[in-house]
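Undergrad: Okay, so here is run12.txt, and as you'll see once you scroll down, it has compact mmCIF, C-alpha atoms.
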```txt
# COMPACT_ATOMS: atom_id res chain seq x y z
CA MET U 1 -0.62 7.92 -26.72
CA ALA U 2 2.01 5.33 -27.49
CA ILE U 3 4.67 4.29 -25.05
CA THR U 4 7.96 4.15 -26.85
CA ALA U 5 10.33 1.39 -25.98
CA ARG U 6 14.03 1.41 -26.17
CA LYS U 7 16.58 -1.31 -25.83
CA ASN U 8 17.77 -1.78 -22.31
CA THR U 9 21.40 -1.06 -23.07
CA GLY U 10 22.28 2.08 -21.13
CA GLY U 11 25.21 1.02 -19.00
CA ASP U 12 23.79 -2.41 -18.16
CA ARG U 13 25.99 -5.42 -18.14
CA ALA U 14 25.78 -7.41 -21.35
CA PRO U 15 24.22 -10.83 -21.03
CA ALA U 16 26.42 -13.87 -21.42
CA GLY U 17 27.16 -14.74 -25.02
CA GLY U 18 27.35 -11.07 -26.01
CA GLU U 19 23.76 -10.96 -27.26
CA PRO U 20 22.12 -7.54 -27.05
CA SER U 21 19.14 -7.28 -24.69
CA PRO U 22 15.91 -7.77 -26.58
CA PRO U 23 13.73 -4.66 -26.95
CA VAL U 24 11.09 -4.85 -24.28
CA GLU U 25 8.19 -2.50 -23.67
CA ILE U 26 8.53 -0.09 -20.83
CA LEU U 27 11.94 -1.15 -19.61
CA ASP U 28 12.60 2.53 -20.06
CA ALA U 29 9.52 4.54 -20.98
CA ARG U 30 10.56 8.13 -21.58
CA LEU U 31 6.95 9.05 -22.16
CA PRO U 32 4.42 9.04 -19.32
CA ALA U 33 2.15 6.01 -19.09
CA THR U 34 -0.99 8.15 -19.30
CA PRO U 35 -1.79 11.27 -21.36
CA LEU U 36 -0.77 14.55 -19.77
CA THR U 37 -3.57 16.60 -18.29
CA ASP U 38 -3.89 20.33 -17.80
CA GLY U 39 -1.14 21.67 -15.63
CA GLU U 40 1.33 18.97 -16.75
CA ALA U 41 4.17 19.49 -19.17
CA MET U 42 6.18 16.87 -21.03
CA ALA U 43 9.42 18.65 -20.08
CA ASP U 44 8.51 18.27 -16.39
CA TYR U 45 7.78 14.59 -16.76
CA GLN U 46 10.99 13.93 -18.63
CA ALA U 47 13.03 15.92 -16.12
CA PHE U 48 11.42 13.91 -13.32
CA HIS U 49 12.03 10.66 -15.20
CA ALA U 50 15.68 11.55 -15.83
CA SER U 51 16.37 12.54 -12.24
CA CYS U 52 14.82 9.31 -10.94
CA ARG U 53 16.98 7.28 -13.31
CA ARG U 54 20.09 9.16 -12.27
CA ALA U 55 19.32 8.66 -8.58
CA ALA U 56 18.44 4.95 -8.87
CA GLY U 57 20.87 3.91 -11.64
CA PRO U 58 19.02 0.69 -12.57
CA LYS U 59 21.45 -2.14 -13.24
CA ASP U 60 19.27 -4.60 -15.12
CA ALA U 61 15.79 -5.34 -16.45
CA ILE U 62 14.40 -6.25 -13.03
CA GLU U 63 15.46 -2.95 -11.53
CA GLU U 64 14.10 -1.12 -14.59
CA VAL U 65 10.65 -2.60 -13.94
CA TRP U 66 10.59 -1.37 -10.35
CA LEU U 67 12.03 2.01 -11.24
CA GLN U 68 9.38 2.49 -13.90
CA ASP U 69 6.65 1.57 -11.42
CA PHE U 70 8.08 4.09 -8.96
CA ILE U 71 8.10 6.85 -11.60
CA ASP U 72 4.65 5.99 -12.91
CA TYR U 73 2.86 5.79 -9.58
CA THR U 74 4.58 8.88 -8.17
CA TRP U 75 3.44 10.86 -11.19
CA GLU U 76 -0.13 9.53 -11.00
CA ALA U 77 -0.44 10.22 -7.28
CA ARG U 78 0.83 13.74 -7.80
CA ARG U 79 -1.69 14.30 -10.58
CA LEU U 80 -4.58 13.13 -8.43
CA ARG U 81 -3.49 15.36 -5.55
CA ARG U 82 -3.49 18.31 -7.91
CA MET U 83 -6.95 17.38 -9.11
CA LYS U 84 -8.24 17.18 -5.56
CA ALA U 85 -7.00 20.70 -4.99
CA SER U 86 -8.56 21.91 -8.26
CA ILE U 87 -11.95 20.45 -7.33
CA VAL U 88 -11.93 22.24 -3.99
CA LYS U 89 -10.73 25.45 -5.61
CA SER U 90 -13.38 25.34 -8.32
CA GLU U 91 -16.09 24.66 -5.76
CA ARG U 92 -15.16 27.60 -3.58
CA LYS U 93 -17.35 29.95 -5.55
CA ASP U 94 -20.43 27.77 -5.08
CA ALA U 95 -19.53 27.35 -1.42
CA VAL U 96 -19.32 31.13 -0.98
CA LYS U 97 -22.65 31.61 -2.76
CA SER U 98 -24.29 29.05 -0.52
CA LEU U 99 -22.86 30.59 2.65
CA VAL U 100 -23.77 34.14 1.60
CA GLN U 101 -27.30 33.06 0.80
CA ASP U 102 -27.58 31.45 4.22
CA CYS U 103 -26.41 34.69 5.81
CA LEU U 104 -28.99 36.82 3.96
CA ASP U 105 -32.74 36.61 4.50
CA ASP U 106 -34.47 33.63 3.02
CA THR U 107 -36.08 35.47 0.14
CA THR U 108 -35.87 35.39 -3.64
CA SER U 109 -33.99 38.69 -3.66
CA ALA U 110 -31.45 37.12 -1.29
CA TYR U 111 -30.71 34.48 -3.93
CA HIS U 112 -30.02 37.11 -6.59
CA GLU U 113 -28.03 39.26 -4.20
CA ALA U 114 -25.95 36.23 -3.18
CA ARG U 115 -25.24 35.45 -6.81
CA SER U 116 -24.22 39.01 -7.58
CA LEU U 117 -22.02 39.28 -4.46
CA THR U 118 -20.34 35.95 -5.22
CA ARG U 119 -19.63 37.04 -8.78
CA ALA U 120 -17.99 40.22 -7.46
CA TRP U 121 -16.01 38.19 -4.91
CA SER U 122 -14.76 35.72 -7.51
CA ARG U 123 -13.58 38.65 -9.67
CA SER U 124 -11.82 40.13 -6.62
CA GLU U 125 -13.84 43.34 -6.96
CA LYS U 126 -12.99 45.48 -3.94
CA GLU U 127 -16.50 46.40 -2.81
CA GLY U 128 -18.05 43.00 -3.43
CA THR U 129 -15.23 41.16 -1.69
CA ALA U 130 -15.41 43.45 1.34
CA ARG U 131 -19.19 42.97 1.58
CA VAL U 132 -18.88 39.17 1.33
CA GLU U 133 -16.11 39.00 3.92
CA ALA U 134 -18.02 41.25 6.33
CA LEU U 135 -21.20 39.22 5.90
CA LEU U 136 -19.42 35.93 6.48
CA GLU U 137 -17.50 37.25 9.49
CA GLU U 138 -20.71 38.57 10.98
CA HIS U 139 -22.04 35.01 10.95
CA GLY U 140 -18.86 33.43 12.27
CA HIS U 141 -17.52 32.15 8.93
CA ASP U 142 -14.00 32.48 7.59
CA ALA U 143 -11.77 31.12 4.80
CA GLY U 144 -11.72 27.75 6.56
CA THR U 145 -15.49 27.56 6.46
CA ILE U 146 -15.46 28.16 2.71
CA ILE U 147 -12.95 25.34 2.14
CA ALA U 148 -14.86 23.04 4.47
CA LYS U 149 -18.10 23.73 2.60
CA ALA U 150 -16.40 23.14 -0.77
CA ILE U 151 -15.02 19.82 0.51
CA HIS U 152 -18.33 18.79 2.02
CA ARG U 153 -20.12 19.33 -1.28
CA ASN U 154 -17.68 16.94 -3.00
CA LEU U 155 -17.02 14.43 -0.27
CA ASP U 156 -17.63 11.32 -2.38
CA ILE U 157 -15.27 12.17 -5.22
CA LEU U 158 -12.61 13.49 -2.86
CA GLU U 159 -12.79 10.32 -0.81
CA ARG U 160 -12.44 8.21 -3.95
CA LEU U 161 -9.42 10.24 -5.05
CA ASP U 162 -7.89 9.82 -1.58
CA LYS U 163 -8.23 6.03 -1.85
CA LEU U 164 -6.65 6.04 -5.30
CA ILE U 165 -3.80 8.23 -4.10
CA ALA U 166 -3.20 5.89 -1.15
CA SER U 167 -3.12 2.89 -3.52
CA TYR U 168 -0.69 4.53 -5.91
CA GLU U 169 1.59 5.70 -3.12
CA TYR U 170 1.55 2.21 -1.64
CA ARG U 171 2.62 0.76 -4.99
CA ARG U 172 5.28 3.43 -5.38
CA ASP U 173 6.71 2.57 -1.95
CA ALA U 174 6.47 -1.16 -2.69
CA ALA U 175 8.52 -0.74 -5.87
CA LEU U 176 11.19 1.19 -3.97
CA ARG U 177 11.24 -1.44 -1.21
CA GLU U 178 11.76 -4.26 -3.73
CA LEU U 179 14.62 -2.33 -5.33
CA GLU U 180 16.28 -1.72 -1.97
CA LYS U 181 15.78 -5.31 -0.76
CA ARG U 182 17.29 -6.72 -3.93
CA ARG U 183 20.31 -4.45 -3.73
CA ASP U 184 20.79 -5.39 -0.07
CA LEU U 185 20.61 -9.05 -1.03
CA LEU U 186 23.10 -8.64 -3.87
CA ALA U 187 25.45 -6.63 -1.63
CA LYS U 188 25.33 -9.35 1.07
CA ARG U 189 25.96 -12.02 -1.54
CA ALA U 190 28.90 -10.05 -2.93
CA ARG U 191 30.26 -9.59 0.59
CA ARG U 192 29.99 -13.35 1.30
CA PHE U 193 31.67 -14.15 -2.00
CA ALA U 194 34.45 -11.62 -1.32
CA ASP U 195 34.99 -13.05 2.17
CA THR U 196 35.31 -16.54 0.67
CA VAL U 197 37.83 -15.32 -1.90
CA ILE U 198 39.88 -13.52 0.76
CA THR U 199 39.81 -16.52 3.08
CA ASP U 200 40.87 -18.86 0.26
CA ALA U 201 43.72 -16.50 -0.66
CA GLU U 202 44.95 -16.46 2.95
CA VAL U 203 44.88 -20.25 3.12
CA GLU U 204 46.83 -20.50 -0.15
CA GLU U 205 49.40 -18.06 1.19
CA ILE U 206 49.91 -20.05 4.36
CA LEU U 207 49.69 -23.46 2.74
CA PRO U 208 50.87 -23.03 -0.83
CA ALA U 209 49.92 -25.81 -3.24
CA GLY U 210 52.49 -28.53 -3.65
CA MET M 1 -41.30 -16.14 12.91
CA ASN M 2 -42.76 -19.59 13.53
CA SER M 3 -41.16 -22.67 12.06
CA THR M 4 -43.80 -23.10 9.33
CA LEU M 5 -43.21 -19.59 8.02
CA LYS M 6 -39.49 -20.02 8.36
CA ALA M 7 -39.57 -23.29 6.45
CA ALA M 8 -41.66 -21.69 3.70
CA SER M 9 -39.21 -18.80 3.53
CA ASN M 10 -36.29 -21.22 3.29
CA ARG M 11 -37.99 -23.14 0.48
CA ARG M 12 -38.62 -19.86 -1.41
CA ASN M 13 -35.02 -18.74 -1.02
CA ALA M 14 -33.65 -22.11 -2.10
CA LYS M 15 -35.46 -21.80 -5.43
CA LYS M 16 -33.67 -18.56 -6.23
CA SER M 17 -30.68 -18.71 -8.49
CA THR M 18 -27.51 -20.09 -6.96
CA GLY M 19 -25.47 -19.99 -10.14
CA PRO M 20 -25.28 -22.12 -13.28
CA THR M 21 -26.13 -25.79 -12.95
CA SER M 22 -25.59 -27.15 -16.46
CA GLY M 23 -22.15 -28.02 -17.79
CA ALA M 24 -22.42 -25.38 -20.51
CA GLY M 25 -23.47 -22.71 -18.03
CA LYS M 26 -20.65 -23.54 -15.70
CA ALA M 27 -18.16 -23.45 -18.54
CA THR M 28 -19.41 -19.99 -19.55
CA SER M 29 -19.26 -18.52 -16.07
CA ALA M 30 -15.75 -19.92 -15.57
CA LEU M 31 -14.62 -17.52 -18.30
CA ASN M 32 -16.25 -14.45 -16.76
CA ALA M 33 -13.05 -13.37 -15.08
CA LEU M 34 -11.29 -13.40 -18.42
CA LYS M 35 -13.76 -11.05 -20.12
CA HIS M 36 -11.67 -7.99 -19.50
CA GLY M 37 -8.45 -9.98 -19.53
CA PHE M 38 -7.19 -8.62 -16.25
CA SER M 39 -7.41 -11.71 -14.11
CA GLY M 40 -6.67 -15.35 -14.69
CA ARG M 41 -4.09 -16.41 -17.22
CA LEU M 42 -2.74 -14.42 -20.13
CA GLY M 43 -3.81 -15.28 -23.64
CA CYS M 44 -1.77 -17.74 -25.68
CA ASP M 45 -1.55 -15.63 -28.85
CA ALA M 46 1.81 -15.29 -30.57
CA GLU M 47 2.23 -11.61 -29.73
CA THR M 48 1.74 -12.23 -26.01
CA ARG M 49 4.06 -15.21 -26.06
CA GLU M 50 6.73 -13.13 -27.76
CA LYS M 51 6.43 -10.38 -25.16
CA VAL M 52 6.60 -12.86 -22.32
CA ASP M 53 9.62 -14.62 -23.88
CA ALA M 54 11.45 -11.34 -24.39
CA LEU M 55 10.79 -10.15 -20.85
CA ALA M 56 11.71 -13.50 -19.30
CA LYS M 57 14.98 -13.40 -21.21
CA ALA M 58 15.60 -9.87 -19.98
CA PHE M 59 14.93 -10.94 -16.39
CA THR M 60 17.45 -13.75 -16.59
CA GLY M 61 19.91 -11.43 -18.32
CA GLY M 62 20.23 -13.97 -21.09
CA GLU M 63 22.29 -16.19 -18.82
CA LYS M 64 21.85 -19.93 -18.63
CA ASP M 65 19.73 -20.50 -15.55
CA ALA M 66 18.41 -23.62 -13.87
CA PRO M 67 14.95 -24.72 -15.04
CA GLN M 68 13.41 -23.47 -11.80
CA ALA M 69 14.86 -19.99 -12.33
CA ILE M 70 13.70 -19.93 -15.95
CA ALA M 71 10.19 -20.86 -14.85
CA LEU M 72 10.20 -18.08 -12.25
CA ALA M 73 11.47 -15.56 -14.78
CA ARG M 74 8.68 -16.59 -17.10
CA LYS M 75 6.08 -16.27 -14.35
CA ALA M 76 7.35 -12.80 -13.49
CA ALA M 77 7.26 -11.88 -17.18
CA GLU M 78 3.64 -13.02 -17.52
CA PHE M 79 2.54 -10.86 -14.64
CA GLN M 80 4.55 -7.92 -15.94
CA VAL M 81 2.79 -8.22 -19.31
CA MET M 82 -0.51 -8.24 -17.40
CA ALA M 83 0.61 -5.14 -15.50
CA LEU M 84 1.40 -3.45 -18.81
CA ARG M 85 -2.08 -4.24 -20.11
CA LEU M 86 -3.55 -2.67 -17.03
CA LYS M 87 -1.38 0.37 -17.52
CA GLU M 88 -2.75 0.62 -21.05
CA ALA M 89 -6.31 0.43 -19.68
CA ARG M 90 -5.44 3.21 -17.25
CA ARG M 91 -4.12 5.27 -20.16
CA ARG M 92 -7.39 4.75 -22.04
CA ALA M 93 -9.41 5.80 -19.00
CA TRP M 94 -7.59 9.12 -18.90
CA ALA M 95 -7.73 9.57 -22.67
CA ASP M 96 -11.49 8.97 -22.71
CA ALA M 97 -12.23 11.50 -20.01
CA ARG M 98 -12.03 15.13 -21.03
CA ILE M 99 -9.88 16.45 -18.27
CA ALA M 100 -9.84 20.20 -18.70
CA ALA M 101 -9.03 23.08 -16.43
CA PRO M 102 -11.66 23.48 -13.73
CA THR M 103 -14.67 25.38 -14.98
CA PRO M 104 -17.48 26.91 -12.98
CA ASP M 105 -20.09 24.66 -14.57
CA GLY M 106 -18.47 21.56 -13.07
CA ASP M 107 -17.53 19.71 -16.25
CA ALA M 108 -14.10 19.00 -14.87
CA ALA M 109 -15.54 17.46 -11.73
CA ALA M 110 -17.75 15.18 -13.84
CA ASP M 111 -14.76 14.08 -15.93
CA ILE M 112 -12.68 13.40 -12.84
CA GLU M 113 -15.58 11.42 -11.39
CA LEU M 114 -15.76 9.32 -14.54
CA VAL M 115 -12.04 8.58 -14.76
CA SER M 116 -11.64 7.96 -11.03
CA GLY M 117 -14.43 5.37 -11.16
CA ARG M 118 -12.59 3.46 -13.86
CA LEU M 119 -9.24 3.82 -12.13
CA ALA M 120 -10.71 2.51 -8.89
CA LYS M 121 -11.81 -0.67 -10.70
CA LEU M 122 -8.38 -1.14 -12.28
CA VAL M 123 -6.29 -0.56 -9.17
CA ARG M 124 -7.33 -3.88 -7.61
CA TYR M 125 -6.04 -5.83 -10.63
CA GLU M 126 -2.90 -3.69 -10.85
CA ARG M 127 -2.12 -4.49 -7.22
CA HIS M 128 -2.56 -8.23 -7.84
CA ALA M 129 -0.41 -8.30 -10.99
CA ALA M 130 2.39 -6.30 -9.33
CA ASN M 131 2.34 -8.45 -6.17
CA MET M 132 2.54 -11.70 -8.15
CA ARG M 133 5.28 -10.32 -10.39
CA ASP M 134 7.33 -9.10 -7.42
CA LYS M 135 6.98 -12.42 -5.62
CA ALA M 136 8.20 -14.28 -8.70
CA LEU M 137 11.17 -11.91 -9.01
CA ARG M 138 12.06 -12.37 -5.34
CA ASP M 139 11.84 -16.14 -5.74
CA LEU M 140 14.03 -15.87 -8.83
CA GLU M 141 16.76 -14.11 -6.84
CA ARG M 142 16.55 -16.71 -4.08
CA ALA M 143 16.75 -19.52 -6.64
CA ARG M 144 19.96 -18.00 -8.00
CA ALA M 145 21.56 -17.54 -4.57
CA PRO M 146 23.67 -20.73 -4.44
CA THR M 147 25.53 -19.67 -7.62
CA GLY M 148 26.45 -16.37 -5.99
CA ARG M 149 24.81 -14.22 -8.70
```
Once more with this new file: its structure as structure tokens, please.
TA:
Amino acid sequence: MAITARKNTGGDRAPAGGEPSPPVEILDARLPATPLTDGEAMADYQAFHASCRRAAGPKDAIEEVWLQDFIDYTWEARRLRRMKASIVKSERKDAVKSLVQDCLDDTTSAYHEARSLTRAWSRSEKEGTARVEALLEEHGHDAGTIIAKAIHRNLDILERLDKLIASYEYRRDAALRELEKRRDLLAKRARRFADTVITDAEVEEILPAG
Amino acid sequence: MNSTLKAASNRRNAKKSTGPTSGAGKATSALNALKHGFSGRLGCDAETREKVDALAKAFTGGEKDAPQAIALARKAAEFQVMALRLKEARRRAWADARIAAPTPDGDAAADIELVSGRLAKLVRYERHAANMRDKALRDLERARAPTGR
């Protein structure tokens, strides 16, 4: 997937000399940095991208870089969170089968019965679901136990995704911090400059030249 | 362990490899970090230079800056180009993995495992490139401060 570039011209101040800003990759990438996965839509990404741009209103190339980082890492972290949830969800069936098998006698027929009951449960068949729920409750298990079992079976990958999410969210926050710090710095500088201008004007008023 | 055994053990361990010893070997291993292109310096090819030049110009806003500021803008541009390469590698990691809707046979989990392994390796370099770029940009702003920009 290619990342399209566009000239950084949208409302930014023109550089001295009137030269247009050179086209630079990813100063404003309207396409996501990575291919969309299941559950993601281009319209959603572009709406998210547009609302971030509107909220931040980047003034120049430097702010564009940080804004793009913010958008990119927010999107990636969100994707990984969704994938974590989908892993747990997809593992629930196996978790239920394992729990049901534990609840039944330790025989070969128990294995087949567990499989059949789990299939009925996953299809939300009334009788099968009721039987599974009764069996689990009888042995002190509930919905929380199923989730816990699903998580436990995938601890390594879930932990790795958690670390990645933490990294991406750190980078997202770092980009936002840089943007805010720079704007604070520019505002302070503007304030100092304005104060100097006002002070000079007062002095000129009191002590006119000549 | 008595001192004779310990000495023998030390002598055995000292014979094990401790890295390249010849000039050629050392020169080769010095380039190891550049194999994937994500650490060390950027390449000097024309395309990379053009990208760096364009970005540095964008960072200075095309204005005439002091040499120090130009150097900082260039440094920031180099690390941004590195960050873009890493982003491209991240894109390839996702493209290579078949990320489909979760299926009962666990294919999706295997794909996620594959892509997350690659992403985990990249994130360290991404962090470094972004940190160096941001530091250069902060220094650039400070260097411009006396002119009130």
Undergrad: Please indicate the distance in Å from atom CA of Arg90 of chain M to atom CA of Leu114 of chain M, rounded to one decimal place.
TA: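 Rounded to one decimal, the two atoms are 12.3 Å apart.
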Undergrad: Using all atoms listed in the file, pick whichever of U:Ile151, U:Ala143, U:Ala175, U:Ala134 has the shortest atom-to-atom distance to chain M.
TA: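 Residue with the minimum atom-to-atom distance to chain M: U:Ala175.
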Undergrad: Of the residues U:Ala174, U:Ala41, U:Ile71, U:Ala120, which is the one nearest to chain M, using all atoms listed in the file?
TA: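 Closest to chain M, using all atoms listed in the file: U:Ala174.
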Undergrad: Ranking M:Thr18, M:Asp111, M:Leu72, M:Glu78 by minimum distance to Ala54 of chain M and counting all atoms listed in the file, which one comes first?
TA: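 With all atoms listed in the file as the atom set, the closest residue is M:Glu78.
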Undergrad: Between atom CA of Val132 of chain U and atom CA of Thr118 of chain U, what is the distance, to one decimal in Å?
TA: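 Atom-to-atom, atom CA of Val132 of chain U to atom CA of Thr118 of chain U, that is 7.4 Å.
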Undergrad: Which residue, M:Gly61, M:Asn13, M:Val81, M:Asp139, has the smallest gap to chain U when you use all atoms listed in the file?
TA: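 Using all atoms listed in the file, the shortest distance to chain U belongs to M:Gly61.
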Undergrad: Would you work out the distance separating atom CA of Asp44 of chain U from atom CA of Ala95 of chain M, expressed in Å to one decimal?
TA: 19.5 Å
